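**Student:** My structure is below; once you've seen it, I'll send some questions.
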2 protein chains.
Amino acid sequence: MQGILSRILQPNNTKIVLCVLDGLGGLPLNGKTELEAASTPNLDDLAKNGASGLHIPVAPGITPGSGPAHLGLFGYDPLKFEIGRGILEALGLGMEVTRNDIAIRGNFASVKYEGEVPIVTDRRAGRISTEENKRITSKIVNEIHEIDGVKIRMDSGMEHRFALVFTFPEPVEGGADNVSDTDPQIVGRKPIFPNAGCKEAEHVSTIAEKFIKHVSRIIRDEPVANYILLRGFSRHPNLTPYSDAYGLRAGCIATYPMYRGVSKLVGMEVLEVADNSIRSEIETLKRHYEEFDFFYLHIKKTDSYGEDGNFDAKVGVIEEFDSHVPEILKLNPDVLVVTGDHSTPSVMKSHSWHPVPFLLSSSNVRGGNSSGFYERECLKGELGIFKATEAMTLILSHAGRLQKFGP
Amino acid sequence: MQGILSRILQPNNTKIVLCVLDGLGGLPLNGKTELEAASTPNLDDLAKNGASGLHIPVAPGITPGSGPAHLGLFGYDPLKFEIGRGILEALGLGMEVTRNDIAIRGNFASVKYEGEVPIVTDRRAGRISTEENKRITSKIVNEIHEIDGVKIRMDSGMEHRFALVFTFPEPVEGGADNVSDTDPQIVGRKPIFPNAGCKEAEHVSTIAEKFIKHVSRIIRDEPVANYILLRGFSRHPNLTPYSDAYGLRAGCIATYPMYRGVSKLVGMEVLEVADNSIRSEIETLKRHYEEFDFFYLHIKKTDSYGEDGNFDAKVGVIEEFDSHVPEILKLNPDVLVVTGDHSTPSVMKSHSWHPVPFLLSSSNVRGGNSSGFYERECLKGELGIFKATEAMTLILSHAGRLQKFGP
């Protein structure tokens, strides 16, 4: 679809606000979903006069991770464009990733040496503490900055996990990330060599080999975490940025690193938010309102409480967001969308495949089809059930930013 | 979809009438859309007992021109098949276009000569009057009939516009229309040479060059329109005709040249209509009813008044059409469809992306879902929201013209 869009984009000075309540869609507990249980007078008013529907993040029945779910909503087909595991891990830790980078997920592991051959005895180094991880990571980072002119960045994650970024002097070629995982998957075996799957990956393979060797010397005497395993070698997904794809200056208002990172991948400018509260996010929106055409505002806690199985707390976050809706409306955006990236029903304590409520408020809608903002009423809405990748086209058209297709 | 259809078509003597009220879909003015404001007792009765839904002409959020919108409704994916600008211009002026033709849009322009080099001073020749255009076009047409065995046809359009058709002795090859526009887009420059973009286009390029030279001699002394600019070189889209794609003898009842032209492209026979009135169109339908399996009946004025922003007049055309529905029903078609090619909300004064109301009346429907024929009730209908390209399959199945797919 983005191919056609580039032909029919038209400049406009309209403003768009896309609010993504993470994991918004739910399932009933005692007959009511989280959205049905929540008191949301402001969203209900918008739903009565707006266009509603439900979007399918990837495909019917497919439960998406946060990466694919966001890509889809941003208009990039998640079945076509994949953000590699290494990239997501790095973004999640707040590391910058560019077209010159190869990003990799790592584990600290335990090995015993048979002669000079390491044999894996624990693939996760007994899930060492995050503190312990930080200590060992610092040790490595202090010693290794560069290998053969390739800049090395490493950051510690939770427990035994870390992310690694190799920065080359030039953008990396297609295929450069085709390097095999070194995790043997089974204890009692030696780590796998980071094999290049094609010619373009040979340089990355060499750097990875040298990095592993150097690290294994540095941490050889650690009591538990005395080795590393690398997997998910990946390169920047090279997505067409929002400015080119949609003609939009886009700003991201999100507090979690992963969402800030994915936004950066699609060319959004990531804005500062004072703290993790919805109030602070709204303040950021107000402060930067004149500077951008499009705002992506991300609320994380609906998903977190959904994953926890905390139905009431998820309801609470929805109600808290609803109370801020009048402030957003005061800014008078031409298109306001409230939706989720996927469903996270509290009763399932996990992401799910269920279509996600979608509400679009604009002066160019038919309206009058839904009596409130919740799953069953969205089903009656004029947008019907549609693919997440179609959301951006709908948003652009309602914002007067698309010309007619064809004569 | 047409690929599967050819395997499961079955002959039948059922009759189908597809009524297309151009730009039918609307948006509310004082709470009611044009269809809601119109009194349509006959259509409402059909909706109560029929199958209704809404179709998406091209893709969600995409506003179609009339060409792509009609292609889609006729079952040809408008994202795959494009009718070139030159073809549409020629069809719009009522010129015949075949597989042997290259059609081109033209402008009369003003140039000054620096030595023998023309420099464009006005790309539209001051938007000369349509009368003036006709006079100059006659002058050219009287002098140029053929160049190197290629027949030349030219017809005047509105103001400075005209259409041009080169007819070759043989069907033109793919790529033959890959000739660059000659309009430099900016005044003060000389016209661009009609360059061939590939080998197959070289012959067309040569004919265009000779035509431009000859014309520039003929009109050199005109006070304003003393040059021509050509653009939108295009060839016949080679669509599978209705007879092959659907096994239907199809008749077109339309009064505007563009719609008659597009119908011809898909192999419909274009029938004579006494005048522009709906009454005359219905008379044509009655007169030819025994000769065809399928009728496409086009009503233009819903769109024209929509574009004018004349809500009440659009309502009036809908009501006028409704009053003729009983006459159509008297013919007892096996499938009667009433829909639009796209939406043209009067409040927007333009085509729009909004899904288009669709009503299918047949004895093979579930029915009982909609209480009337308008957007909000169509949303409750058994056909749901579907792609325009799926309409023909729905029509054929309800008409008993498709076998089971697979054993």
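A note on labels: chains of the structure tokens are A, B, ... as shown, every chain counts residues from 1, and ligands are counted from 1 in their shown order.
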Give chain A as a short mmCIF file (atom, residue, chain, number, x, y, z; two decimals) with C-alpha atoms, in the first residue's frame once it has been least-squares superposed onto chain B over every C-alpha atom, paired in order.

**Tutor:**
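New file result-v4.cif:
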```cif
data_model
loop_
_atom_site.label_atom_id
_atom_site.label_comp_id
_atom_site.auth_asym_id
_atom_site.auth_seq_id
_atom_site.Cartn_x
_atom_site.Cartn_y
_atom_site.Cartn_z
CA MET A 1 -10.28 -14.12 -8.89
CA GLN A 2 -11.11 -14.05 -12.60
CA GLY A 3 -8.60 -16.91 -12.99
CA ILE A 4 -10.69 -19.20 -10.82
CA LEU A 5 -13.94 -18.01 -12.33
CA SER A 6 -12.96 -19.21 -15.79
CA ARG A 7 -12.78 -22.73 -14.31
CA ILE A 8 -16.17 -22.68 -12.62
CA LEU A 9 -18.45 -20.64 -14.86
CA GLN A 10 -21.64 -22.45 -15.76
CA PRO A 11 -24.11 -21.38 -18.42
CA ASN A 12 -27.48 -20.15 -17.25
CA ASN A 13 -30.21 -17.99 -18.68
CA THR A 14 -30.51 -15.78 -15.60
CA LYS A 15 -30.67 -11.99 -15.97
CA ILE A 16 -28.60 -9.49 -14.03
CA VAL A 17 -29.11 -5.74 -13.72
CA LEU A 18 -26.32 -3.70 -12.11
CA CYS A 19 -27.41 -0.12 -11.40
CA VAL A 20 -24.51 2.21 -10.62
CA LEU A 21 -25.52 5.54 -9.14
CA ASP A 22 -22.27 7.43 -9.59
CA GLY A 23 -20.80 8.77 -6.34
CA LEU A 24 -23.76 7.31 -4.38
CA GLY A 25 -22.13 7.12 -0.93
CA GLY A 26 -22.36 10.25 1.19
CA LEU A 27 -21.68 11.91 4.51
CA PRO A 28 -24.19 13.43 6.90
CA LEU A 29 -25.44 16.99 6.63
CA ASN A 30 -27.48 17.85 9.74
CA GLY A 31 -27.14 14.25 10.82
CA LYS A 32 -28.33 12.54 7.63
CA THR A 33 -26.51 11.35 4.53
CA GLU A 34 -28.05 11.91 1.12
CA LEU A 35 -29.41 8.32 1.15
CA GLU A 36 -30.87 8.85 4.63
CA ALA A 37 -32.46 12.14 3.66
CA ALA A 38 -33.96 10.67 0.50
CA SER A 39 -37.39 9.05 0.57
CA THR A 40 -36.76 5.67 -1.08
CA PRO A 41 -39.63 3.32 -0.27
CA ASN A 42 -38.80 0.90 -3.11
CA LEU A 43 -35.11 0.59 -2.34
CA ASP A 44 -35.91 0.24 1.37
CA ASP A 45 -38.19 -2.71 0.61
CA LEU A 46 -35.45 -4.33 -1.45
CA ALA A 47 -32.96 -3.76 1.37
CA LYS A 48 -35.21 -5.41 3.96
CA ASN A 49 -35.45 -8.61 1.94
CA GLY A 50 -32.13 -8.45 0.11
CA ALA A 51 -28.47 -8.76 0.94
CA SER A 52 -26.71 -5.51 1.69
CA GLY A 53 -23.20 -4.40 2.50
CA LEU A 54 -20.62 -1.79 1.55
CA HIS A 55 -17.86 -2.11 -1.01
CA ILE A 56 -14.42 -0.55 -0.92
CA PRO A 57 -13.57 0.65 -4.43
CA VAL A 58 -9.76 0.32 -4.40
CA ALA A 59 -8.44 0.00 -0.86
CA PRO A 60 -9.41 1.46 2.53
CA GLY A 61 -8.76 5.19 2.54
CA ILE A 62 -8.14 5.42 -1.20
CA THR A 63 -10.33 7.84 -3.15
CA PRO A 64 -10.74 6.53 -6.69
CA GLY A 65 -11.24 8.34 -9.94
CA SER A 66 -14.15 7.14 -12.05
CA GLY A 67 -11.91 4.89 -14.17
CA PRO A 68 -10.43 2.76 -11.37
CA ALA A 69 -13.74 2.77 -9.49
CA HIS A 70 -15.59 1.30 -12.44
CA LEU A 71 -12.83 -1.17 -13.25
CA GLY A 72 -13.00 -2.50 -9.68
CA LEU A 73 -16.76 -2.87 -9.70
CA PHE A 74 -16.50 -4.65 -13.05
CA GLY A 75 -14.10 -7.13 -11.38
CA TYR A 76 -10.72 -5.92 -12.69
CA ASP A 77 -8.28 -5.05 -9.91
CA PRO A 78 -7.60 -1.32 -10.41
CA LEU A 79 -4.22 -1.69 -8.70
CA LYS A 80 -3.22 -4.20 -11.36
CA PHE A 81 -4.97 -2.90 -14.44
CA GLU A 82 -4.64 0.76 -15.23
CA ILE A 83 -6.48 2.58 -17.93
CA GLY A 84 -3.94 5.10 -19.16
CA ARG A 85 -4.71 8.82 -18.99
CA GLY A 86 -4.63 9.08 -22.76
CA ILE A 87 -7.14 6.25 -23.12
CA LEU A 88 -9.50 7.78 -20.55
CA GLU A 89 -9.28 11.19 -22.22
CA ALA A 90 -10.08 9.67 -25.62
CA LEU A 91 -12.93 7.57 -24.25
CA GLY A 92 -14.29 10.61 -22.44
CA LEU A 93 -14.56 12.38 -25.77
CA GLY A 94 -16.33 9.40 -27.28
CA MET A 95 -13.42 8.26 -29.42
CA GLU A 96 -13.14 4.57 -30.26
CA VAL A 97 -9.98 2.92 -28.90
CA THR A 98 -8.78 -0.53 -29.96
CA ARG A 99 -5.74 -2.72 -29.44
CA ASN A 100 -4.10 -1.07 -32.51
CA ASP A 101 -4.16 2.35 -30.85
CA ILE A 102 -1.97 4.64 -28.80
CA ALA A 103 -4.04 7.35 -27.11
CA ILE A 104 -2.61 10.59 -25.81
CA ARG A 105 -3.82 13.64 -23.87
CA GLY A 106 -2.88 16.97 -25.34
CA ASN A 107 -2.86 20.63 -24.36
CA PHE A 108 -2.74 23.63 -26.60
CA ALA A 109 0.09 25.83 -25.35
CA SER A 110 1.74 29.17 -26.16
CA VAL A 111 5.36 29.38 -27.20
CA LYS A 112 7.73 32.09 -28.38
CA TYR A 113 10.46 31.15 -30.83
CA GLU A 114 14.13 31.77 -30.13
CA GLY A 115 15.46 31.22 -33.60
CA GLU A 116 13.72 27.95 -34.49
CA VAL A 117 13.55 26.77 -30.84
CA PRO A 118 10.10 27.03 -29.24
CA ILE A 119 10.07 28.22 -25.60
CA VAL A 120 6.89 27.58 -23.62
CA THR A 121 5.30 30.79 -22.32
CA ASP A 122 1.93 29.33 -21.26
CA ARG A 123 1.40 25.58 -20.82
CA ARG A 124 -2.38 25.99 -21.28
CA ALA A 125 -2.53 28.71 -23.94
CA GLY A 126 -4.41 30.97 -21.53
CA ARG A 127 -7.09 28.32 -21.20
CA ILE A 128 -8.56 29.23 -24.58
CA SER A 129 -12.32 28.78 -25.00
CA THR A 130 -13.71 25.44 -25.99
CA GLU A 131 -14.99 27.08 -29.20
CA GLU A 132 -11.54 28.37 -30.05
CA ASN A 133 -10.17 24.87 -29.35
CA LYS A 134 -12.68 23.37 -31.79
CA ARG A 135 -11.72 25.83 -34.51
CA ILE A 136 -7.98 25.08 -34.20
CA THR A 137 -8.52 21.34 -33.88
CA SER A 138 -10.53 21.35 -37.14
CA LYS A 139 -7.68 23.11 -38.85
CA ILE A 140 -5.28 20.35 -37.78
CA VAL A 141 -7.66 17.49 -38.47
CA ASN A 142 -8.28 18.79 -41.99
CA GLU A 143 -4.59 18.72 -42.79
CA ILE A 144 -3.25 15.61 -41.02
CA HIS A 145 -4.91 12.24 -41.60
CA GLU A 146 -1.98 9.89 -41.60
CA ILE A 147 1.75 9.77 -40.89
CA ASP A 148 3.84 6.93 -42.33
CA GLY A 149 0.75 4.71 -42.62
CA VAL A 150 -0.41 5.47 -39.06
CA LYS A 151 -3.92 6.89 -38.96
CA ILE A 152 -4.27 10.07 -36.87
CA ARG A 153 -7.43 11.03 -35.01
CA MET A 154 -7.78 14.13 -32.85
CA ASP A 155 -10.75 15.52 -30.96
CA SER A 156 -11.15 18.71 -28.97
CA GLY A 157 -12.03 18.70 -25.29
CA MET A 158 -12.80 21.46 -22.81
CA GLU A 159 -10.77 24.69 -22.95
CA HIS A 160 -7.18 23.88 -23.98
CA ARG A 161 -7.48 20.09 -23.82
CA PHE A 162 -7.67 17.55 -26.62
CA ALA A 163 -7.23 13.82 -27.21
CA LEU A 164 -5.15 12.19 -29.89
CA VAL A 165 -5.23 8.61 -31.18
CA PHE A 166 -2.59 6.98 -33.39
CA THR A 167 -3.98 3.89 -35.11
CA PHE A 168 -1.36 1.38 -36.28
CA PRO A 169 -2.02 -1.36 -38.84
CA GLU A 170 -1.32 -4.03 -36.19
CA PRO A 171 -2.01 -4.34 -32.44
CA VAL A 172 0.63 -2.31 -30.55
CA GLU A 173 3.19 -4.18 -28.48
CA GLY A 174 3.66 -3.96 -24.71
CA GLY A 175 5.97 -1.03 -24.01
CA ALA A 176 4.91 0.85 -27.16
CA ASP A 177 3.32 3.53 -24.98
CA ASN A 178 6.51 4.14 -23.02
CA VAL A 179 6.99 7.62 -24.48
CA SER A 180 7.83 10.61 -22.30
CA ASP A 181 5.47 13.57 -21.83
CA THR A 182 6.54 16.62 -23.83
CA ASP A 183 5.21 19.15 -21.28
CA PRO A 184 8.27 20.71 -19.56
CA GLN A 185 6.02 21.54 -16.55
CA ILE A 186 7.74 24.94 -16.16
CA VAL A 187 7.39 27.95 -18.47
CA GLY A 188 10.54 29.38 -20.03
CA ARG A 189 11.76 25.97 -21.12
CA LYS A 190 11.53 24.26 -24.47
CA PRO A 191 9.13 21.32 -24.88
CA ILE A 192 10.61 17.91 -24.11
CA PHE A 193 11.27 15.54 -26.99
CA PRO A 194 8.83 12.58 -26.98
CA ASN A 195 11.55 10.11 -26.02
CA ALA A 196 11.07 6.37 -26.39
CA GLY A 197 11.75 4.65 -23.04
CA CYS A 198 12.37 1.31 -24.75
CA LYS A 199 12.83 -0.19 -28.19
CA GLU A 200 9.12 -1.03 -28.57
CA ALA A 201 8.21 2.67 -28.19
CA GLU A 202 10.51 3.98 -30.91
CA HIS A 203 7.94 3.92 -33.68
CA VAL A 204 5.39 5.79 -31.55
CA SER A 205 8.05 8.31 -30.59
CA THR A 206 8.84 8.97 -34.27
CA ILE A 207 5.18 9.43 -35.21
CA ALA A 208 4.69 11.77 -32.23
CA GLU A 209 7.72 13.84 -33.22
CA LYS A 210 6.49 14.15 -36.81
CA PHE A 211 2.98 15.01 -35.62
CA ILE A 212 4.23 17.77 -33.30
CA LYS A 213 6.40 19.28 -36.05
CA HIS A 214 3.58 19.23 -38.58
CA VAL A 215 1.08 20.76 -36.13
CA SER A 216 3.52 23.46 -35.07
CA ARG A 217 3.73 24.55 -38.71
CA ILE A 218 -0.05 24.56 -39.11
CA ILE A 219 -0.74 26.67 -36.00
CA ARG A 220 2.46 28.73 -35.88
CA ASP A 221 0.56 31.93 -36.65
CA GLU A 222 -2.24 31.42 -34.12
CA PRO A 223 -2.29 34.38 -31.71
CA VAL A 224 -2.35 32.28 -28.48
CA ALA A 225 -2.56 28.53 -29.06
CA ASN A 226 0.46 28.16 -31.32
CA TYR A 227 1.90 24.88 -30.02
CA ILE A 228 0.88 21.53 -28.52
CA LEU A 229 2.13 19.49 -25.56
CA LEU A 230 1.46 15.75 -25.34
CA ARG A 231 1.32 13.52 -22.27
CA GLY A 232 -0.17 10.28 -20.97
CA PHE A 233 0.80 8.10 -23.95
CA SER A 234 -1.14 4.88 -23.35
CA ARG A 235 -2.25 1.70 -24.98
CA HIS A 236 -5.44 -0.38 -24.70
CA PRO A 237 -5.48 -2.16 -21.31
CA ASN A 238 -6.25 -5.55 -22.89
CA LEU A 239 -8.82 -6.53 -20.30
CA THR A 240 -10.43 -9.96 -20.62
CA PRO A 241 -13.87 -9.16 -22.02
CA TYR A 242 -17.02 -9.88 -20.02
CA SER A 243 -18.00 -12.70 -22.36
CA ASP A 244 -14.78 -14.62 -21.59
CA ALA A 245 -14.32 -13.55 -17.97
CA TYR A 246 -17.92 -14.15 -16.89
CA GLY A 247 -19.71 -15.82 -19.78
CA LEU A 248 -22.04 -12.82 -20.00
CA ARG A 249 -23.48 -10.96 -22.97
CA ALA A 250 -23.30 -7.53 -21.40
CA GLY A 251 -25.05 -4.32 -22.38
CA CYS A 252 -24.11 -0.83 -21.22
CA ILE A 253 -26.75 1.81 -20.59
CA ALA A 254 -24.90 5.05 -19.93
CA THR A 255 -25.10 8.51 -21.41
CA TYR A 256 -21.66 9.96 -20.61
CA PRO A 257 -18.85 9.09 -23.03
CA MET A 258 -16.30 8.03 -20.39
CA TYR A 259 -18.60 5.34 -18.95
CA ARG A 260 -19.63 4.15 -22.38
CA GLY A 261 -15.93 3.95 -23.26
CA VAL A 262 -14.89 1.98 -20.17
CA SER A 263 -17.78 -0.43 -20.81
CA LYS A 264 -16.54 -0.98 -24.32
CA LEU A 265 -13.05 -1.75 -22.96
CA VAL A 266 -14.52 -4.69 -21.01
CA GLY A 267 -16.47 -5.92 -24.00
CA MET A 268 -19.93 -4.56 -23.24
CA GLU A 269 -22.17 -3.53 -26.07
CA VAL A 270 -23.05 0.13 -25.68
CA LEU A 271 -26.76 0.74 -26.20
CA GLU A 272 -28.44 3.86 -27.48
CA VAL A 273 -30.28 6.06 -24.99
CA ALA A 274 -32.64 8.77 -26.27
CA ASP A 275 -31.44 11.47 -23.86
CA ASN A 276 -29.72 11.98 -20.48
CA SER A 277 -32.77 11.13 -18.36
CA ILE A 278 -33.17 8.12 -16.07
CA ARG A 279 -36.53 7.51 -17.77
CA SER A 280 -34.81 7.07 -21.14
CA GLU A 281 -32.23 4.75 -19.63
CA ILE A 282 -35.00 2.56 -18.22
CA GLU A 283 -36.69 2.57 -21.63
CA THR A 284 -33.43 1.32 -23.17
CA LEU A 285 -33.24 -1.43 -20.53
CA LYS A 286 -36.78 -2.57 -21.37
CA ARG A 287 -36.19 -2.42 -25.11
CA HIS A 288 -33.07 -4.61 -25.01
CA TYR A 289 -33.98 -6.82 -22.03
CA GLU A 290 -34.16 -10.05 -24.00
CA GLU A 291 -30.87 -9.52 -25.84
CA PHE A 292 -28.41 -9.56 -22.94
CA ASP A 293 -27.60 -11.50 -19.77
CA PHE A 294 -26.18 -8.53 -17.93
CA PHE A 295 -26.96 -4.83 -17.93
CA TYR A 296 -24.81 -2.06 -16.49
CA LEU A 297 -27.05 0.95 -15.99
CA HIS A 298 -25.20 4.13 -15.07
CA ILE A 299 -26.73 7.21 -13.46
CA LYS A 300 -24.39 10.18 -13.55
CA LYS A 301 -26.16 13.03 -11.77
CA THR A 302 -25.74 11.74 -8.21
CA ASP A 303 -22.03 12.37 -8.68
CA SER A 304 -22.37 15.66 -10.53
CA TYR A 305 -24.55 17.17 -7.79
CA GLY A 306 -22.27 15.70 -5.13
CA GLU A 307 -19.30 17.45 -6.74
CA ASP A 308 -21.31 20.65 -6.87
CA GLY A 309 -22.02 20.34 -3.14
CA ASN A 310 -25.73 20.32 -3.96
CA PHE A 311 -27.02 17.96 -1.25
CA ASP A 312 -30.72 18.43 -2.07
CA ALA A 313 -30.27 17.88 -5.79
CA LYS A 314 -28.32 14.65 -5.13
CA VAL A 315 -31.18 13.54 -2.84
CA GLY A 316 -33.56 14.36 -5.68
CA VAL A 317 -31.73 12.13 -8.17
CA ILE A 318 -31.76 9.24 -5.67
CA GLU A 319 -35.53 9.70 -5.21
CA GLU A 320 -36.05 9.86 -8.96
CA PHE A 321 -34.16 6.59 -9.39
CA ASP A 322 -36.18 5.00 -6.58
CA SER A 323 -39.40 5.86 -8.41
CA HIS A 324 -38.20 3.78 -11.39
CA VAL A 325 -37.32 0.69 -9.32
CA PRO A 326 -40.79 -0.90 -9.73
CA GLU A 327 -40.36 -0.78 -13.51
CA ILE A 328 -37.04 -2.62 -13.23
CA LEU A 329 -38.61 -5.18 -10.88
CA LYS A 330 -41.40 -5.79 -13.40
CA LEU A 331 -38.73 -7.19 -15.73
CA ASN A 332 -38.08 -9.73 -12.97
CA PRO A 333 -34.25 -9.86 -13.06
CA ASP A 334 -32.72 -12.78 -11.15
CA VAL A 335 -30.17 -10.47 -9.58
CA LEU A 336 -30.66 -6.73 -9.17
CA VAL A 337 -27.83 -4.72 -7.68
CA VAL A 338 -27.99 -1.05 -6.72
CA THR A 339 -24.72 0.57 -5.71
CA GLY A 340 -22.27 3.33 -6.58
CA ASP A 341 -18.80 3.30 -8.09
CA HIS A 342 -17.45 5.41 -5.21
CA SER A 343 -18.72 7.96 -2.71
CA THR A 344 -19.14 11.67 -3.54
CA PRO A 345 -20.36 13.29 -0.31
CA SER A 346 -22.01 16.63 -1.10
CA VAL A 347 -20.41 18.13 2.01
CA MET A 348 -16.97 17.32 0.56
CA LYS A 349 -17.80 18.44 -3.00
CA SER A 350 -15.51 15.67 -4.28
CA HIS A 351 -15.03 11.95 -4.65
CA SER A 352 -14.09 10.24 -1.38
CA TRP A 353 -12.73 7.00 -0.01
CA HIS A 354 -15.81 6.06 2.03
CA PRO A 355 -17.19 2.55 1.44
CA VAL A 356 -20.11 2.48 -0.96
CA PRO A 357 -23.62 1.17 -0.14
CA PHE A 358 -24.39 -2.06 -1.99
CA LEU A 359 -27.73 -3.79 -2.27
CA LEU A 360 -28.22 -7.18 -3.92
CA SER A 361 -31.72 -8.49 -4.47
CA SER A 362 -32.12 -12.18 -5.34
CA SER A 363 -34.03 -15.22 -4.14
CA ASN A 364 -30.80 -16.78 -2.79
CA VAL A 365 -30.10 -14.36 0.06
CA ARG A 366 -30.58 -14.59 3.81
CA GLY A 367 -32.12 -11.11 4.11
CA GLY A 368 -33.77 -9.49 7.11
CA ASN A 369 -30.67 -7.69 8.33
CA SER A 370 -31.19 -4.12 7.09
CA SER A 371 -34.25 -1.92 7.59
CA GLY A 372 -33.52 0.40 4.67
CA PHE A 373 -31.05 1.31 1.95
CA TYR A 374 -28.51 3.68 3.43
CA GLU A 375 -24.95 3.53 4.70
CA ARG A 376 -25.62 2.75 8.37
CA GLU A 377 -28.09 -0.05 7.55
CA CYS A 378 -25.86 -1.52 4.85
CA LEU A 379 -23.27 -1.93 7.60
CA LYS A 380 -25.61 -4.47 9.24
CA GLY A 381 -26.06 -6.43 6.03
CA GLU A 382 -24.99 -9.98 5.29
CA LEU A 383 -22.37 -9.00 2.70
CA GLY A 384 -20.39 -6.97 5.23
CA ILE A 385 -17.64 -4.68 3.95
CA PHE A 386 -15.98 -6.19 0.89
CA LYS A 387 -13.72 -5.25 -1.98
CA ALA A 388 -15.36 -3.89 -5.12
CA THR A 389 -13.49 -6.52 -7.15
CA GLU A 390 -15.48 -9.22 -5.30
CA ALA A 391 -18.84 -7.82 -6.42
CA MET A 392 -18.95 -9.66 -9.75
CA THR A 393 -18.26 -13.01 -8.06
CA LEU A 394 -21.11 -12.39 -5.62
CA ILE A 395 -23.37 -11.37 -8.49
CA LEU A 396 -22.53 -14.47 -10.57
CA SER A 397 -23.06 -16.86 -7.67
CA HIS A 398 -26.45 -15.39 -6.76
CA ALA A 399 -27.36 -15.67 -10.45
CA GLY A 400 -26.58 -19.41 -10.46
CA ARG A 401 -23.73 -18.96 -12.89
CA LEU A 402 -20.91 -20.58 -10.89
CA GLN A 403 -20.18 -24.22 -10.23
CA LYS A 404 -18.64 -25.57 -7.05
CA PHE A 405 -14.89 -24.96 -6.67
CA GLY A 406 -13.02 -28.21 -6.13
CA PRO A 407 -14.35 -31.64 -5.28
#
```

**Student:** Segment 234-311 of chain B: which residues are helix (DSSP H, G or I) by DSSP, as a ChimeraX atom specification?

**Tutor:** /B:242-246,257-265,278-288,301-308,311

**Student:** I need the residues in segment 29-206 of chain B that are strand (DSSP E) according to DSSP; give them as a VMD selection string.

**Tutor:** chain B and resid 51 to 56 101 to 114 117 to 122 146 to 147 150 to 156 161 to 167

**Student:** Go ahead and save the residues from that selection, with C-alpha atoms, as an mmCIF file, in the first residue's frame.

**Tutor:**
```
data_model
loop_
_atom_site.group_PDB
_atom_site.id
_atom_site.type_symbol
_atom_site.label_atom_id
_atom_site.label_comp_id
_atom_site.auth_asym_id
_atom_site.auth_seq_id
_atom_site.Cartn_x
_atom_site.Cartn_y
_atom_site.Cartn_z
ATOM 1 C CA ALA B 51 -28.626 -8.768 0.833
ATOM 2 C CA SER B 52 -26.842 -5.553 1.615
ATOM 3 C CA GLY B 53 -23.334 -4.472 2.495
ATOM 4 C CA LEU B 54 -20.708 -1.899 1.597
ATOM 5 C CA HIS B 55 -17.911 -2.188 -0.912
ATOM 6 C CA ILE B 56 -14.427 -0.674 -0.745
ATOM 7 C CA ASP B 101 -4.124 2.337 -30.766
ATOM 8 C CA ILE B 102 -1.936 4.645 -28.731
ATOM 9 C CA ALA B 103 -4.008 7.362 -27.029
ATOM 10 C CA ILE B 104 -2.563 10.638 -25.787
ATOM 11 C CA ARG B 105 -3.753 13.693 -23.862
ATOM 12 C CA GLY B 106 -2.841 17.010 -25.362
ATOM 13 C CA ASN B 107 -2.798 20.687 -24.451
ATOM 14 C CA PHE B 108 -2.748 23.655 -26.721
ATOM 15 C CA ALA B 109 0.084 25.892 -25.526
ATOM 16 C CA SER B 110 1.696 29.233 -26.367
ATOM 17 C CA VAL B 111 5.310 29.452 -27.479
ATOM 18 C CA LYS B 112 7.651 32.160 -28.734
ATOM 19 C CA TYR B 113 10.364 31.230 -31.209
ATOM 20 C CA GLU B 114 14.023 31.881 -30.554
ATOM 21 C CA VAL B 117 13.468 26.862 -31.183
ATOM 22 C CA PRO B 118 10.022 27.113 -29.552
ATOM 23 C CA ILE B 119 10.047 28.339 -25.934
ATOM 24 C CA VAL B 120 6.887 27.691 -23.904
ATOM 25 C CA THR B 121 5.317 30.914 -22.622
ATOM 26 C CA ASP B 122 1.970 29.439 -21.511
ATOM 27 C CA GLU B 146 -2.098 9.792 -41.601
ATOM 28 C CA ILE B 147 1.647 9.681 -40.914
ATOM 29 C CA VAL B 150 -0.487 5.386 -39.027
ATOM 30 C CA LYS B 151 -3.992 6.817 -38.904
ATOM 31 C CA ILE B 152 -4.321 10.004 -36.831
ATOM 32 C CA ARG B 153 -7.464 10.982 -34.961
ATOM 33 C CA MET B 154 -7.799 14.086 -32.809
ATOM 34 C CA ASP B 155 -10.741 15.490 -30.895
ATOM 35 C CA SER B 156 -11.145 18.707 -28.939
ATOM 36 C CA ARG B 161 -7.419 20.130 -23.845
ATOM 37 C CA PHE B 162 -7.628 17.562 -26.620
ATOM 38 C CA ALA B 163 -7.197 13.826 -27.157
ATOM 39 C CA LEU B 164 -5.158 12.181 -29.867
ATOM 40 C CA VAL B 165 -5.231 8.592 -31.109
ATOM 41 C CA PHE B 166 -2.613 6.957 -33.351
ATOM 42 C CA THR B 167 -4.007 3.834 -35.032
#
```
